[in-house]
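Text of my_file16.txt, listed as compact mmCIF, C-alpha atoms and all ligand atoms:
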# COMPACT_ATOMS: atom_id res chain seq x y z
CA MET A 946 0.00 0.00 0.00
CA TRP A 947 1.19 3.50 -0.84
CA ILE A 948 1.05 6.46 1.48
CA LYS A 949 -0.69 9.29 -0.32
CA PHE A 950 1.82 12.09 0.26
CA SER A 951 -0.43 14.53 -1.60
CA ASP A 952 -3.00 14.12 1.18
CA VAL A 953 -1.31 16.75 3.30
CA VAL A 954 -2.20 19.70 5.51
CA PHE A 955 -0.10 22.22 7.35
CA ASN A 956 -0.34 21.54 11.08
CA LYS A 957 1.74 24.01 13.09
CA SER A 958 4.99 25.87 13.55
CA VAL A 959 7.14 25.21 16.57
CA GLY A 960 9.77 27.52 18.04
CA LEU A 961 12.55 26.89 20.48
CA TRP A 962 11.52 25.63 23.92
CA ALA A 963 7.88 25.45 22.91
CA GLU A 964 6.87 23.86 26.17
CA LYS A 965 3.19 24.29 25.55
CA VAL A 966 3.26 22.54 22.22
CA PHE A 967 1.23 19.41 22.21
CA PHE A 968 2.97 16.56 20.46
CA ASP A 969 1.08 13.35 19.89
CA ASP A 970 2.74 10.09 19.02
CA LYS A 971 2.36 10.24 15.25
CA LYS A 972 5.35 8.78 13.45
CA GLU A 973 7.51 11.52 12.03
CA ILE A 974 10.02 12.18 9.25
CA VAL A 975 12.17 15.30 9.57
CA PHE A 976 14.03 17.13 6.83
CA VAL A 977 17.29 18.88 7.67
CA GLY A 978 20.03 20.54 5.67
CA ARG A 979 21.93 23.77 5.34
CA SER A 980 20.01 26.80 4.06
CA ASN A 981 19.25 26.88 0.35
CA MET A 982 19.55 23.12 -0.25
CA TRP A 983 16.14 23.16 -1.99
CA LYS A 984 14.76 21.37 1.03
CA SER A 985 11.36 23.05 1.20
CA SER A 986 11.02 22.69 -2.59
CA LEU A 987 11.75 18.97 -2.28
CA MET A 988 8.98 18.64 0.30
CA ASN A 989 6.58 20.40 -2.10
CA ALA A 990 7.59 17.89 -4.79
CA ILE A 991 6.87 14.99 -2.42
CA PHE A 992 3.50 16.54 -1.54
CA GLU A 993 2.78 17.31 -5.21
CA LYS A 994 2.03 20.90 -4.20
CA LYS A 995 3.34 24.13 -5.64
CA ASP A 996 3.90 26.20 -2.57
CA LEU A 997 2.44 24.56 0.53
CA VAL A 998 5.90 24.54 2.08
CA LYS A 999 7.31 28.06 2.05
CA THR A 1000 10.42 28.41 -0.09
CA SER A 1001 12.71 31.41 -0.26
CA ALA A 1002 15.57 32.66 -2.40
CA LYS A 1003 16.89 34.35 0.73
CA PRO A 1004 18.71 31.85 2.94
CA GLY A 1005 17.94 31.63 6.63
CA LYS A 1006 14.27 32.57 6.39
CA THR A 1007 12.73 29.53 8.03
CA ARG A 1008 13.27 29.99 11.75
CA LEU A 1009 10.72 27.49 13.01
CA ALA A 1010 9.98 23.82 12.66
CA ASN A 1011 7.00 23.51 10.32
CA LEU A 1012 4.91 20.39 10.76
CA PHE A 1013 2.73 18.89 8.05
CA ILE A 1014 0.34 15.97 8.51
CA VAL A 1015 0.25 13.39 5.74
CA ALA A 1016 -2.62 10.94 5.30
CA LYS A 1017 -3.92 12.10 8.72
CA LYS A 1018 -1.32 9.82 10.30
CA TYR A 1019 2.23 11.04 9.90
CA TYR A 1020 4.22 14.19 10.51
CA LEU A 1021 6.63 15.40 7.85
CA THR A 1022 8.59 18.30 9.28
CA ASP A 1023 10.64 21.05 7.67
CA LEU A 1024 13.37 22.22 10.04
CA PRO A 1025 15.34 25.48 9.63
CA GLY A 1026 18.67 25.39 7.81
CA TYR A 1027 21.63 24.78 10.08
CA GLY A 1028 25.04 26.41 10.23
CA PHE A 1029 24.15 29.55 8.34
CA ALA A 1030 26.98 31.86 9.44
CA LYS A 1031 25.70 35.00 7.68
CA LEU A 1032 22.81 35.26 10.13
CA GLY A 1033 25.28 36.23 12.82
CA LYS A 1034 26.46 33.95 15.56
CA GLU A 1035 23.51 34.52 17.85
CA HIS A 1036 20.85 33.66 15.25
CA LYS A 1037 22.86 30.75 13.98
CA ASP A 1038 23.24 29.31 17.45
CA LYS A 1039 19.53 29.75 18.10
CA LEU A 1040 18.59 27.86 14.94
CA ASP A 1041 21.07 25.09 15.63
CA TRP A 1042 19.65 24.90 19.17
CA LEU A 1043 16.15 24.60 17.76
CA ILE A 1044 17.20 21.74 15.51
CA SER A 1045 19.03 19.80 18.20
CA TRP A 1046 16.30 20.43 20.78
CA TYR A 1047 13.62 19.33 18.31
CA LEU A 1048 15.40 16.13 17.33
CA GLU A 1049 15.93 15.18 20.96
CA GLU A 1050 12.39 16.10 21.97
CA ARG A 1051 10.84 14.02 19.20
CA LYS A 1052 13.42 11.25 19.18
CA SER A 1053 10.98 8.45 19.98
CA SER A 1054 8.58 9.43 17.16
CA ILE A 1055 11.12 10.22 14.46
CA LYS A 1056 11.51 7.24 12.13
CA LYS A 1057 13.96 8.79 9.70
CA VAL A 1058 15.95 11.98 9.27
CA VAL A 1059 16.32 13.17 5.67
CA VAL A 1060 19.63 15.04 5.43
CA LEU A 1061 20.09 17.18 2.32
CA ILE A 1062 23.61 17.63 0.99
CA ASP A 1063 24.76 19.72 -1.97
CA SER A 1064 25.73 17.22 -4.68
CA LYS A 1065 28.34 19.61 -6.10
CA LEU A 1066 29.94 20.91 -2.91
CA TRP A 1067 29.71 17.53 -1.18
CA ALA A 1068 29.60 17.32 2.60
CA GLN A 1069 30.57 20.47 4.51
CA GLU A 1070 31.82 20.56 8.07
CA SER A 1071 28.40 21.62 9.35
CA ASP A 1072 26.82 18.67 7.50
CA LEU A 1073 29.20 16.25 9.18
CA ASP A 1074 28.54 17.84 12.59
CA MET A 1075 24.80 17.44 12.09
CA TYR A 1076 25.31 13.88 10.87
CA LYS A 1077 27.28 12.97 14.00
CA PHE A 1078 24.63 14.52 16.18
CA ILE A 1079 21.85 12.54 14.48
CA LEU A 1080 23.92 9.36 14.83
CA SER A 1081 24.41 10.06 18.53
CA LEU A 1082 20.62 10.02 18.88
CA GLU A 1083 20.58 6.68 17.04
CA LEU A 1084 18.08 7.93 14.49
CA PRO A 1085 17.91 6.35 11.01
CA ILE A 1086 19.23 8.58 8.24
CA VAL A 1087 18.83 8.93 4.51
CA ILE A 1088 21.30 11.22 2.75
CA VAL A 1089 19.70 13.12 -0.12
CA LEU A 1090 22.00 14.65 -2.71
CA SER A 1091 20.33 17.86 -3.77
CA LYS A 1092 20.75 19.87 -6.97
CA VAL A 1093 21.75 17.03 -9.29
CA ASP A 1094 19.85 18.65 -12.19
CA LYS A 1095 22.96 20.02 -13.79
CA LEU A 1096 25.22 17.03 -13.15
CA SER A 1097 26.00 14.41 -15.77
CA LYS A 1098 25.24 10.77 -15.04
CA ASN A 1099 28.89 10.16 -14.25
CA GLU A 1100 29.08 13.15 -11.91
CA ILE A 1101 25.99 11.95 -10.07
CA TYR A 1102 27.57 8.53 -9.69
CA LYS A 1103 30.75 10.08 -8.28
CA SER A 1104 28.79 12.27 -5.91
CA VAL A 1105 26.82 9.28 -4.63
CA GLU A 1106 30.01 7.25 -4.12
CA HIS A 1107 31.63 10.16 -2.29
CA ALA A 1108 28.59 10.63 -0.06
CA LYS A 1109 28.54 6.92 0.78
CA GLU A 1110 32.14 7.15 1.93
CA SER A 1111 31.64 10.41 3.85
CA PHE A 1112 28.57 9.08 5.61
CA PHE A 1113 29.77 5.57 6.32
CA TRP A 1114 27.63 3.73 3.79
CA GLN A 1115 24.32 5.20 4.77
CA GLU A 1116 21.47 5.13 2.29
CA VAL A 1117 22.13 7.82 -0.36
CA ILE A 1118 19.53 9.07 -2.86
CA PRO A 1119 20.21 11.77 -5.48
CA VAL A 1120 17.18 13.96 -6.15
CA SER A 1121 16.07 16.46 -8.68
CA SER A 1122 12.66 18.05 -8.63
CA SER A 1123 12.50 17.70 -12.42
CA LYS A 1124 13.30 13.98 -12.35
CA ASN A 1125 10.42 12.29 -10.68
CA ILE A 1126 12.08 8.91 -10.55
CA TRP A 1127 14.33 9.87 -7.65
CA ILE A 1128 11.54 11.55 -5.75
CA THR A 1129 9.72 8.22 -5.97
CA GLU A 1130 12.79 6.46 -4.56
CA LEU A 1131 12.83 8.87 -1.63
CA CYS A 1132 9.09 8.41 -1.03
CA LYS A 1133 9.64 4.64 -0.96
CA SER A 1134 12.45 5.05 1.54
CA ILE A 1135 10.30 7.26 3.77
CA GLN A 1136 7.24 5.08 3.61
CA SER A 1137 9.15 1.89 4.35
CA VAL A 1138 9.84 3.18 7.88
CA LEU A 1139 6.36 4.64 8.38
CA ILE A 1140 4.40 1.55 7.40
CA LYS A 1141 5.58 -1.03 9.84
N1 LIG A 1201 16.87 26.07 -10.43
C1 LIG A 1201 16.22 25.52 -9.41
N2 LIG A 1201 15.97 26.28 -8.32
C2 LIG A 1201 15.32 25.71 -7.29
C3 LIG A 1201 14.93 24.33 -7.32
N3 LIG A 1201 14.34 24.04 -6.13
C4 LIG A 1201 14.36 25.17 -5.41
N4 LIG A 1201 14.94 26.19 -6.09
C5 LIG A 1201 15.10 27.57 -5.62
O1 LIG A 1201 16.12 27.65 -4.62
C6 LIG A 1201 15.73 28.59 -3.60
C7 LIG A 1201 15.77 27.92 -2.24
O2 LIG A 1201 14.84 26.86 -2.23
P1 LIG A 1201 14.19 26.34 -0.87
O3 LIG A 1201 13.38 25.12 -1.19
O4 LIG A 1201 13.48 27.45 -0.17
O5 LIG A 1201 15.51 25.91 -0.06
P2 LIG A 1201 15.70 25.59 1.50
O6 LIG A 1201 16.29 26.80 2.13
O7 LIG A 1201 16.67 24.45 1.53
O8 LIG A 1201 14.37 25.21 2.06
C8 LIG A 1201 14.34 29.07 -3.95
O9 LIG A 1201 14.45 30.34 -4.58
C9 LIG A 1201 13.82 28.04 -4.91
O10 LIG A 1201 12.89 28.56 -5.84
C10 LIG A 1201 15.22 23.55 -8.50
O11 LIG A 1201 14.91 22.35 -8.62
N5 LIG A 1201 15.88 24.21 -9.51
MG MG A 1202 13.27 25.99 3.58

Spit out the file's structure as structure tokens when you get a sec.
Amino acid sequence: MWIKFSDVVFNKSVGLWAEKVFFDDKKEIVFVGRSNMWKSSLMNAIFEKKDLVKTSAKPGKTRLANLFIVAKKYYLTDLPGYGFAKLGKEHKDKLDWLISWYLEERKSSIKKVVVLIDSKLWAQESDLDMYKFILSLELPIVIVLSKVDKLSKNEIYKSVEHAKESFFWQEVIPVSSSKNIWITELCKSIQSVLIK
């Protein structure tokens, strides 16, 4: 059976230390990555929506965790971009705090963390830091190589191989919003941990 990812509604936004937020025990998938990794756009592609998830050309705009409910049963959550130095140290720290707090808070419900990496720049230090943090929480990970649109087949292959080495042979999926085939792969990966 397929999860209908297009059956989706926005649920709520959550800020740092949102003590009054009510979390139920819905299974959850979270999306993380540095700013401008086309993360929110990827979520729109999964949802088959144009602009349900807010996208922005200006990095560092999402400052909250945005929760969406799919098929009335699952949370898919867009987290702010991490490690964005241009925001100034204080903002950057706050966002990174939000991400680490959120992942810890929801640890028992999160079934997979989707980590977006730039397929051309490969893994940055902040990506590896986030990766280690997610591993320390023992959460399952899928590495998504973003922005493969302009790469040749061979370059995509190299990027995937490199990511597998950098991330110790985790699951790696290249994506491109224009190439639906990979989005389908990612949906399969997500739904395999939700339907259990
Ligand atoms: N050329 C191109 N631009 C894209 C694509 N996906 C997103 N963008 C643009 O890249 C910018 C950042 O995208 P967004 O999804 O908000 O990135 P996020 O910060 O990782 O959530 C926006 O201006 C998007 O319109 C794509 O597939 N191709
Ligand atoms: Mg975004």

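Note that atom CA of Ser986 of chain A and atom CA of Tyr1020 of chain A are 17.0 Å apart.
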
Show me a table, sorted first by chain and then by increasing residue number, of the residues of chain A having an atom at most 9 Å from ligand LIG 1201 (chain A), each with its shortest atom pair and the distance in Å to one decimal, counting all atoms listed in the file and written as CSV.
residue,atom,partner,partner_atom,distance
A:Val977,CA,A:LIG1201,O7,8.3
A:Gly978,CA,A:LIG1201,O7,6.6
A:Arg979,CA,A:LIG1201,O7,6.5
A:Ser980,CA,A:LIG1201,O6,4.2
A:Asn981,CA,A:LIG1201,O6,3.5
A:Met982,CA,A:LIG1201,O7,3.6
A:Trp983,CA,A:LIG1201,O5,3.4
A:Lys984,CA,A:LIG1201,O7,3.7
A:Ser985,CA,A:LIG1201,O3,3.8
A:Ser986,CA,A:LIG1201,O3,3.7
A:Leu987,CA,A:LIG1201,O3,6.5
A:Met988,CA,A:LIG1201,O3,8.0
A:Asn989,CA,A:LIG1201,O3,8.3
A:Val998,CA,A:LIG1201,O3,8.2
A:Lys999,CA,A:LIG1201,O4,6.6
A:Thr1000,CA,A:LIG1201,O4,3.2
A:Ser1001,CA,A:LIG1201,O4,4.0
A:Ala1002,CA,A:LIG1201,O9,3.4
A:Lys1003,CA,A:LIG1201,O9,7.1
A:Pro1004,CA,A:LIG1201,O6,5.7
A:Gly1005,CA,A:LIG1201,O6,6.8
A:Lys1006,CA,A:LIG1201,O6,7.5
A:Thr1007,CA,A:LIG1201,O6,7.4
A:Asp1023,CA,A:LIG1201,O8,7.9
A:Leu1024,CA,A:LIG1201,O8,8.6
A:Pro1025,CA,A:LIG1201,O8,7.6
A:Gly1026,CA,A:LIG1201,O6,6.3
A:Leu1061,CA,A:LIG1201,O7,8.1
A:Ser1091,CA,A:LIG1201,O11,8.5
A:Lys1092,CA,A:LIG1201,O11,6.6
A:Val1093,CA,A:LIG1201,O11,8.7
A:Asp1094,CA,A:LIG1201,O11,7.1
A:Ser1121,CA,A:LIG1201,O11,6.0
A:Ser1122,CA,A:LIG1201,O11,4.9
A:Ser1123,CA,A:LIG1201,O11,6.5

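Note that atom CA of Leu1021 of chain A and atom CA of Asp952 of chain A are 11.8 Å apart.
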
Extract, using only C-alpha atoms, all DNA, RNA and protein residues at most 12 Å from segment 1107-1112 of chain A, discarding same-chain residues fewer than 2 positions from it, and format them as an MDAnalysis selection string. chainID A and resid 1060:1070 1072:1077 1079:1080 1086:1091 1100:1105 1114:1119

Pick from A:Thr1129, A:Ser1081, A:Thr1022, A:Ser1071, whichever lies nearest to Ile1055 of chain A using only C-alpha atoms: A:Thr1022

Quick one: pull the distance between atom CA of Ile1140 of chain A and atom CA of Ile1014 of chain A, Å, one decimal. 15.0 Å

Neighbourhood query: residues within 12 Å of (10.2, 4.1, 3.7), file coordinates, counting only C-alpha atoms; return as a PyMOL selection string. chain A and resi 946-948+972-974+1056-1059+1085-1087+1116+1129-1141

Top pick for closest residue to ligand MG 1202 (chain A), considering A:Lys957, A:Lys995, A:Arg1008, A:Lys971 and counting all atoms listed in the file: A:Arg1008

Do you know which residues lie at most 7 Å from (1.7, 14.8, 0.2), with coordinates as in the file and only C-alpha atoms counted, and could you write them as a PyMOL selection string? chain A and resi 949-953+991-993+1015

Residues from the last selection, C-alpha atoms, saved as a PDB file, in the coordinates of the input:
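The new file again.pdb reads:
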ATOM      1  CA  LYS A 949      -0.690   9.290  -0.320  1.00  0.00           C
ATOM      2  CA  PHE A 950       1.820  12.090   0.260  1.00  0.00           C
ATOM      3  CA  SER A 951      -0.430  14.530  -1.600  1.00  0.00           C
ATOM      4  CA  ASP A 952      -3.000  14.120   1.180  1.00  0.00           C
ATOM      5  CA  VAL A 953      -1.310  16.750   3.300  1.00  0.00           C
ATOM      6  CA  ILE A 991       6.870  14.990  -2.420  1.00  0.00           C
ATOM      7  CA  PHE A 992       3.500  16.540  -1.540  1.00  0.00           C
ATOM      8  CA  GLU A 993       2.780  17.310  -5.210  1.00  0.00           C
ATOM      9  CA  VAL A1015       0.250  13.390   5.740  1.00  0.00           C
TER      10      VAL A1015
END

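Proximity ranking of A:Asp969, A:Phe976, A:Glu1083, A:Leu961 relative to Leu1009 of chain A places A:Leu961 first, based on all atoms listed in the file.
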
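Ranking A:Phe1078, A:Trp1127, A:Tyr1047, A:Tyr1027 by their shortest atom-to-atom distance to ligand MG 1202 (chain A), with only C-alpha atoms and all ligand atoms included, puts A:Tyr1027 first.
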
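Distances from A:Ala990, A:Ile1128, A:Val954, A:Ala1010 to ligand MG 1202 (chain A) were compared using only C-alpha atoms and all ligand atoms, and the smallest one belongs to A:Ala1010.
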
Can you tell me, as JSON, the centre and edge lengths (Å, one decimal) of the axis-aligned box enclosing all of segment 1075-1094 of chain A's listed atoms after padding each side by 8 Å?
{"center_x": 22.6, "center_y": 13.1, "center_z": 3.3, "size_x": 25.4, "size_y": 29.5, "size_z": 47.1}

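Distance check against Asn1011 of chain A using all atoms listed in the file: of A:Val959, A:Leu1048, A:Leu1040, A:Leu1082, the minimum falls on A:Val959.
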
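Excluding Phe968 of chain A and any residue on its chain fewer than 3 positions from it, the residues at most 10 Å away by all atoms listed in the file are Lys965, Lys971, Glu1050, Arg1051 and Ser1054 of chain A.
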